[in-house]
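> Before we start, here is the structure in question, set down as structure tokens.
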Amino acid sequence: MFVYLSKKIAVPDGGELQTVAWSRDQGWIACGGDDGMLKVLKLDHSMQGDPASRGVAAPSNLTMNQTLEGHKCRMMCVAWNGKNHKLTTSDNSGLIIVWVLYKGRWFEEMVNNRETSVVTDMEWTADGKKICIVYEDGAIIVGSVEGNRIWGDELKNLTLHKVAWSPDAKVILFGTGAGEVQAYDSNGLFMMKLTILCLANFQGVIKLAGLKWYNGYHGYFAPGCPSLVVAYTNGRMQLMRNEADSVPILVDTMMTVVGVNWNDDGSILAVAGQQRIGERDCNILQFYNPMGEHLRTLKVPGHRIRGVDWDGYGLRLVMAVDTHLYFANIRGNHRWGYCTNTIIYSLSTRDRPEHSVVFWDYKNNERYVKHVRLLTHICAHKEFCLLTARNSDVMDQQVLVLCNTIGSPLEHKYIEMDPLFFAITDYQVFAASREAVYIWEFKQRSRLATHDNVPGTASYRSANQKGFERVLHVDDTPSGVGQGALDFRKAKKPARDPIASITASTDKLVLGRESGLVQVYSLPKVSLVARHDVQCRPATMALNADNTRLAVVDINGIMGIFDFEQRDQDGEFGVRLKFERKDIWDIKWAEDNPTMFAVMEKTRMYIFRDLDPEEPITSSGYICEFRNLEVTTCMLDEIMKDPDHPEKESVLELEIKSLRDSRDLLSKVNVTEATQFIKDNPHPRLWQLLADSALETLDLDLAEQAFVHCLDYHGIQFVKRLRRLQDERKQRAEVQSYFKNFEGAERAYMAEDRRDLAVHLRTKLGDWFRVLQLMKAGSGGGDDIAYQQALNACGDYYTDRQKWKQAVTYYQQANNNSRLVHCYLQLEDYEALRRVAGNVPDGDVLCQTLGERFSAVGMCQDAVNSFLKVNNIKDAVDTCVNLNRWHQAVILAKKHNLPNIDTLLARYASHLLEQKNVVDAVQLYREANRFTDGAALLYKLAEETLQKRKYQLAKKIYIMAGIMIEDYRKSRMAASAAASKPGEGNSASLYLDEEGQDPEIVKMLDTTWRGAEAIHYFLAAQRYIYEGEIMTALTMALRASQYDDILNEDDIYILLALASAMGQALDYTSQAFTALDEMDSMSESFKKQLEELAVSIFVGKGSKDQRHKDKPAYPQAPCDMCSQPMDTWMPVCPTCGHRVPFSITDGRRIDHNVTYVECSLCHHNYEAMRVGVRRDQLSCPLCFKFAD
């Protein structure tokens, strides 16, 4: 930062000033002195005239000087309430007056006179709603802005000197006469005593000189940084983060402190006091940052300084010294940079902890904001910007982020050091601490780099392509051999003479040390080539364009020039030139002239050519760049007043004297004298100016000569093109276009009825909206292709700005389906997207994109249709699968004969089974001709249903399984028949080869209808019982007993016991009772009931059949094979094993006297004729299939 005195105002007829306060909201200044003197002043800054004369450079006029009458004694303190336009004052008699602003004048509003004690301090809260007044005798009054007393207290045996509110008005600090600081809450309850460490090992009572707490309205210097200062008259002070901070930052100012104050954003603390220099006391103003680092010292004339305060922007200070008000201008250490028409600056707000880094392209007035946590520095060069921030996750680590002009990160590095000084070139970044410098060669290359500006040619490019990092200690003497190691431990090693400043160019690095020693290193090998003594402590350094001179500004703002190529008296290279300027706070060498540079001296900018200054220009801008005889400056102070809305007028391009003189000669004298002046003061910019002037008058020979002098090849070609144009009006139109007066050029073309040239001009400019207007206005502007191109370009304009609806309008007219798709996707207008998909022709690659987009949002059918248009069956099937449209996926796969359909079916079936949708899974397998898989699912489902004793449903499921197995047999037989050779017959197809098949499939083939049979017999037995056909019921029950592996045993034997008992077949009844008694699943109570029932049945009858004591228990008939007798219900002869045919209807053996038919589906026999049933209505009792 830099500070200097700018103005002094005498305050007559009041004796010495005692206090001063500056209203930060409205700019009023109140000062009080002896004998009740109280004045309110206001300085207004003229905004008229030269735009460069804005900010602190603007002339200030005293627009108000009002004396407020009411006090009679010496003034003690004044306090502003800027939020409510009020001023509170008090004198040493205890009189308090509140003043209010009315029609531009201050009038007395309220008076309070407590004559028993003296008011020592008062302060309003940050929101202006409450005021706290403390008295010397310990009395405290807290009042409202309306004048009401909120609460009061009196601290016994204490004298109060200072008071301060916390930013949130929840804590009040009171400073006592003994130097203590006590904290109370907003209701007056004691909280704690502050820990004062700055007075450690100090004896005696020390008076408080200042107690100030920054209100945080404009954010903080850094997250968690100190904002509370406790200062004592002996020069000791401590900076605290809050009232409970146990580790404050301790500072010794080495002077007698009389007052302290924070600036508007809490980044600078001003400390006013007196210091003994030689044999007299001098008024001193010191500046510190919140971390306690000393920034600058300002000597103030006068006998005794009494107070200090800041304006509302942190740009000015006012000091009460004797009978005068002294004003000082501050050039703060803004975090900012400039690169390629872009101003980069940071700002902080209390709403968020991060710093907002703004990349403002002032040419196009576009802003890009990036939020960076713990930002420390900003450095910029050409196309690159370097942001430095602390790593919040790792202690003692910082991150360097290299960005482009819109804030997009290009590269980054983490370094384990705390850099304070930075420099950046086309290829390298230099970050220096007090002890060492970190060198990083980044991978990005400047677009402007050519062989002309790359030093070292092949060797330099070779080193530059590798990229390296290294840490160089300031006390080391590198030779340039090898690149060295990246060792951050060097940064921890103390330096004998710390680094104070650095600067760098593409082939030279300069380190300035606190002793005034400057070390020069060659790049890129980083070898120490020279040491020079610049005879001052450098604060800022800058190299000229050819690296032959070094500008050095010391900590006091004194600038000197050091020439590396001149020899001193001893013949050594390096001489400090006899050149010195004071109060310098910014410097910039010209990029295209090594002898020219611009400096900011207080509120004036000086341009030097060969150390000779031109006439100064009033300005307070920060220098951005100096090239082509123009200095670009940025009114950064004005920008920071409203950082969210920077104005283009805040960036100024100032011409130097030779350029202004040449322009005046060309406009006011004649071309001949101007040409001679330019020859005497040659510069490419001046020759360019002459060429422009010659083009305006169509002096093509002079224009070509000027273009040759400024090496403008394109200008020479432009002159040649003009010569080929025979029409002077066309030549003038081209010249207007060259000067970017496109409106004039267009009018000239239209006057010549050359609409095509006007369209071509606007096309080259990219002004597509004007191109459309010209094409629509008349013919001759272009063909349909050009018109469509213009429509697409207009749509692209809105697309780039994310104005999708406006872009759609133009893309529709251009029939640009691909860009319409993009816009509709951004708008999430899928109905419109569906319409576009319908218009896209088959085979268009856009269909693939549409299919992917439809699939992503779940529009399955639309996605499939789009994929099918480009014959992408696989993606269509995958979409159906991903969206659980399995049925459609299977249909597509079968229709288009996709390979691996079995895998797809398996996945679909697994999905259906996970959803417990077995029936759909079976149907899937049936449609896919995978009958055994479907049958297996049905058999499992039937078993589960049977366990629930749902016999009717279980039978139906078993029948479905049987049908699928029969379908499987038919498919195998068809396949076998198709595979048989011609002439061999197809007898083999009648049999199914079970060899090599899955055992589960073989089992299903053998027991196809067994489950259905079991349930059929079981249910038929019960039906016959109800119908009274007991023997038929017994027959069906006996047949059901053969299926104990399928049916529940208890159900079987209960049914058998019932049927046999009713039919007096007691032998079977006994067998059933015995089986039931041996079952472990039967309860004891059931068994007891069964025993009682058996007694009632068998007592006196025995276990033999009581129907015919001399006959078997069941009707018998001889076996058809062995003629041995066997029960007619038995399906297999117990003697020879012959399987006996029987009727599925009633379970009886087939009587040859009755006609039976075999079911073509389940292959069971049943009667061919039934009473009252026609042949065509006859169906199988088991599977219900109608007879053929």
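In the structure tokens, each chain is lettered A, B, ... as it comes, each chain's residues begin at 1, and ligands are numbered from 1 in order of appearance.
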What's around range 74-90 of chain A at 10 Å? Count only C-alpha atoms, leave out sequence neighbours fewer than 5 positions away in its own chain, and write the answer as an MDAnalysis selection string.
chainID A and resid 14:38 40 95:102 106:113 118:131 133 145
> So that I can check the secondary structure, give me every residue of range 277-378 of chain A assigned strand (DSSP E) by backbone DSSP, as a PyMOL selection string.
chain A and resi 277+280-288+294-300+305-310+316-321+324-331+336-338+342-349+352-361+366-372+375-378
> I'd like the contact shell of Asn242 in chain A - 9 Å cut-off, only C-alpha atoms, skipping same-chain residues fewer than 5 positions apart - returned as an NGL selection string.
:A and (166 or 213 or 226-228)
> Give me the residues within 7 Å of Ala1037 in chain A as a ChimeraX atom specification, counting only C-alpha atoms and dropping any in the same chain fewer than 5 places off.
/A:1017-1018,1021,1055-1056
> Find the residue from A:Glu625, A:Asp476, A:Glu1091, A:Glu752 that sits nearest to Gly337 in chain A; use only C-alpha atoms when measuring.
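The shortest atom-to-atom distance to Gly337 in chain A comes from A:Glu625.
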> Set the distance at 9 Å and use only C-alpha atoms: which residues neighbour range 151-157 of chain A once local chain neighbours fewer than 2 positions away are removed? I'd like the list as a VMD selection string.
chain A and resid 137 to 143 149 159 to 160 187 to 188
> Grab the residues selected above and save them as a compact mmCIF listing (two decimals), in the first residue's frame with all heavy atoms.

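Result file again32.txt:
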```txt
# COMPACT_ATOMS: atom_id res chain seq x y z
N ASP A 137 -17.14 7.93 36.00
CA ASP A 137 -17.40 7.37 37.32
C ASP A 137 -17.96 5.96 37.27
O ASP A 137 -18.39 5.42 38.30
CB ASP A 137 -18.38 8.27 38.09
CG ASP A 137 -19.73 8.40 37.39
OD1 ASP A 137 -19.88 7.80 36.30
OD2 ASP A 137 -20.61 9.08 37.92
N GLY A 138 -17.98 5.33 36.11
CA GLY A 138 -18.43 3.95 35.99
C GLY A 138 -19.87 3.79 35.57
O GLY A 138 -20.36 2.66 35.47
N ALA A 139 -20.59 4.87 35.33
CA ALA A 139 -21.98 4.79 34.91
C ALA A 139 -22.06 4.37 33.44
O ALA A 139 -21.22 4.76 32.62
CB ALA A 139 -22.68 6.12 35.12
N ILE A 140 -23.11 3.59 33.14
CA ILE A 140 -23.34 3.08 31.78
C ILE A 140 -24.79 3.34 31.42
O ILE A 140 -25.70 3.07 32.22
CB ILE A 140 -23.06 1.57 31.67
CG1 ILE A 140 -21.63 1.25 32.12
CG2 ILE A 140 -23.29 1.08 30.25
CD1 ILE A 140 -21.37 -0.24 32.25
N ILE A 141 -25.02 3.87 30.23
CA ILE A 141 -26.37 4.09 29.74
C ILE A 141 -26.45 3.50 28.32
O ILE A 141 -25.62 3.82 27.47
CB ILE A 141 -26.75 5.58 29.72
CG1 ILE A 141 -26.77 6.16 31.14
CG2 ILE A 141 -28.11 5.78 29.05
CD1 ILE A 141 -27.05 7.64 31.18
N VAL A 142 -27.45 2.65 28.12
CA VAL A 142 -27.73 2.12 26.79
C VAL A 142 -29.10 2.63 26.37
O VAL A 142 -30.09 2.40 27.08
CB VAL A 142 -27.71 0.58 26.77
CG1 VAL A 142 -28.11 0.06 25.40
CG2 VAL A 142 -26.32 0.06 27.14
N GLY A 143 -29.14 3.36 25.27
CA GLY A 143 -30.38 3.96 24.82
C GLY A 143 -30.70 3.59 23.39
O GLY A 143 -29.86 3.05 22.66
N ARG A 149 -34.33 5.24 27.16
CA ARG A 149 -33.30 4.53 27.92
C ARG A 149 -33.67 3.06 27.99
O ARG A 149 -34.74 2.69 28.47
CB ARG A 149 -33.19 5.12 29.32
CG ARG A 149 -32.16 4.44 30.21
CD ARG A 149 -31.95 5.24 31.47
NE ARG A 149 -31.04 4.58 32.38
CZ ARG A 149 -30.37 5.19 33.35
NH1 ARG A 149 -30.56 6.49 33.55
NH2 ARG A 149 -29.55 4.53 34.13
N THR A 159 -13.39 3.22 36.89
CA THR A 159 -13.51 4.33 35.96
C THR A 159 -13.53 3.75 34.55
O THR A 159 -12.75 2.84 34.23
CB THR A 159 -12.34 5.31 36.09
OG1 THR A 159 -11.11 4.62 35.85
CG2 THR A 159 -12.32 5.92 37.49
N LEU A 160 -14.42 4.25 33.72
CA LEU A 160 -14.55 3.74 32.36
C LEU A 160 -14.00 4.74 31.38
O LEU A 160 -14.26 5.95 31.49
CB LEU A 160 -16.02 3.46 32.04
CG LEU A 160 -16.71 2.39 32.91
CD1 LEU A 160 -18.16 2.22 32.49
CD2 LEU A 160 -15.98 1.06 32.83
N ASN A 187 -27.71 -7.15 27.60
CA ASN A 187 -28.62 -6.80 28.69
C ASN A 187 -27.91 -6.31 29.93
O ASN A 187 -28.54 -6.10 30.96
CB ASN A 187 -29.49 -8.01 29.04
CG ASN A 187 -30.39 -8.43 27.90
OD1 ASN A 187 -30.97 -7.58 27.22
ND2 ASN A 187 -30.51 -9.73 27.66
N GLY A 188 -26.59 -6.17 29.86
CA GLY A 188 -25.83 -5.64 30.97
C GLY A 188 -25.34 -6.68 31.94
O GLY A 188 -24.90 -6.31 33.04
```
> Within 10 Å of Glu565 in chain A, counting only C-alpha atoms, which residues qualify if same-chain residues fewer than 5 places away don't, as a PyMOL selection string?
chain A and resi 547-549+572-575
> Find the residues around range 851-853 of chain A up to 8 Å (only C-alpha atoms counted), leave out those fewer than 5 positions away in its own chain, and share them as a list in words.
Asp862, Ala863, Val864, Asn865, Ser866 and Phe867 of chain A
> Dump N, CA and C atoms for the selected residues as a PDB file, in the first residue's frame?

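Full text of out26.pdb as output:
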```pdb
ATOM      1  N   ASP A 862     -40.593 -44.389 -27.964  1.00  0.00           N
ATOM      2  CA  ASP A 862     -39.936 -43.399 -28.827  1.00  0.00           C
ATOM      3  C   ASP A 862     -38.471 -43.749 -29.041  1.00  0.00           C
ATOM      4  N   ALA A 863     -37.829 -44.238 -27.985  1.00  0.00           N
ATOM      5  CA  ALA A 863     -36.434 -44.641 -28.127  1.00  0.00           C
ATOM      6  C   ALA A 863     -36.303 -45.806 -29.096  1.00  0.00           C
ATOM      7  N   VAL A 864     -37.197 -46.788 -28.977  1.00  0.00           N
ATOM      8  CA  VAL A 864     -37.137 -47.949 -29.879  1.00  0.00           C
ATOM      9  C   VAL A 864     -37.362 -47.520 -31.323  1.00  0.00           C
ATOM     10  N   ASN A 865     -38.332 -46.652 -31.533  1.00  0.00           N
ATOM     11  CA  ASN A 865     -38.595 -46.193 -32.898  1.00  0.00           C
ATOM     12  C   ASN A 865     -37.382 -45.489 -33.494  1.00  0.00           C
ATOM     13  N   SER A 866     -36.702 -44.685 -32.672  1.00  0.00           N
ATOM     14  CA  SER A 866     -35.515 -43.966 -33.160  1.00  0.00           C
ATOM     15  C   SER A 866     -34.390 -44.929 -33.473  1.00  0.00           C
ATOM     16  N   PHE A 867     -34.170 -45.915 -32.622  1.00  0.00           N
ATOM     17  CA  PHE A 867     -33.104 -46.888 -32.882  1.00  0.00           C
ATOM     18  C   PHE A 867     -33.405 -47.729 -34.123  1.00  0.00           C
TER      19      PHE A 867
END
```
> Restricting the calculation to only C-alpha atoms, which member of A:Lys363, A:His1016, A:Lys42, A:Lys970 is positioned closest to Glu649 in chain A?
A:Lys363
> In terms of the shortest atom-to-atom distance over only C-alpha atoms, which of A:Met191, A:Leu347, A:Leu400, A:Met605 is closest to Lys641 in chain A?
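Looking only at the distances to Lys641 in chain A, the closest residue turns out to be A:Leu347.
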> Ranking A:Asn365, A:Asn556, A:Thr323, A:Gln788 by minimum distance to Thr297 in chain A and counting only C-alpha atoms, which one comes first?
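Selected residue with least distance to Thr297 in chain A: A:Asn556.
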> I need the alpha helix (DSSP H) residues of range 687-898 of chain A per DSSP on the backbone, written as number ranges by chain.
A: 687-696, 700-709, 713-724, 728-738, 742-751, 755-765, 768-777, 784-800, 804-814, 817-827, 830-839, 846-856, 860-869, 873-882, 886-895
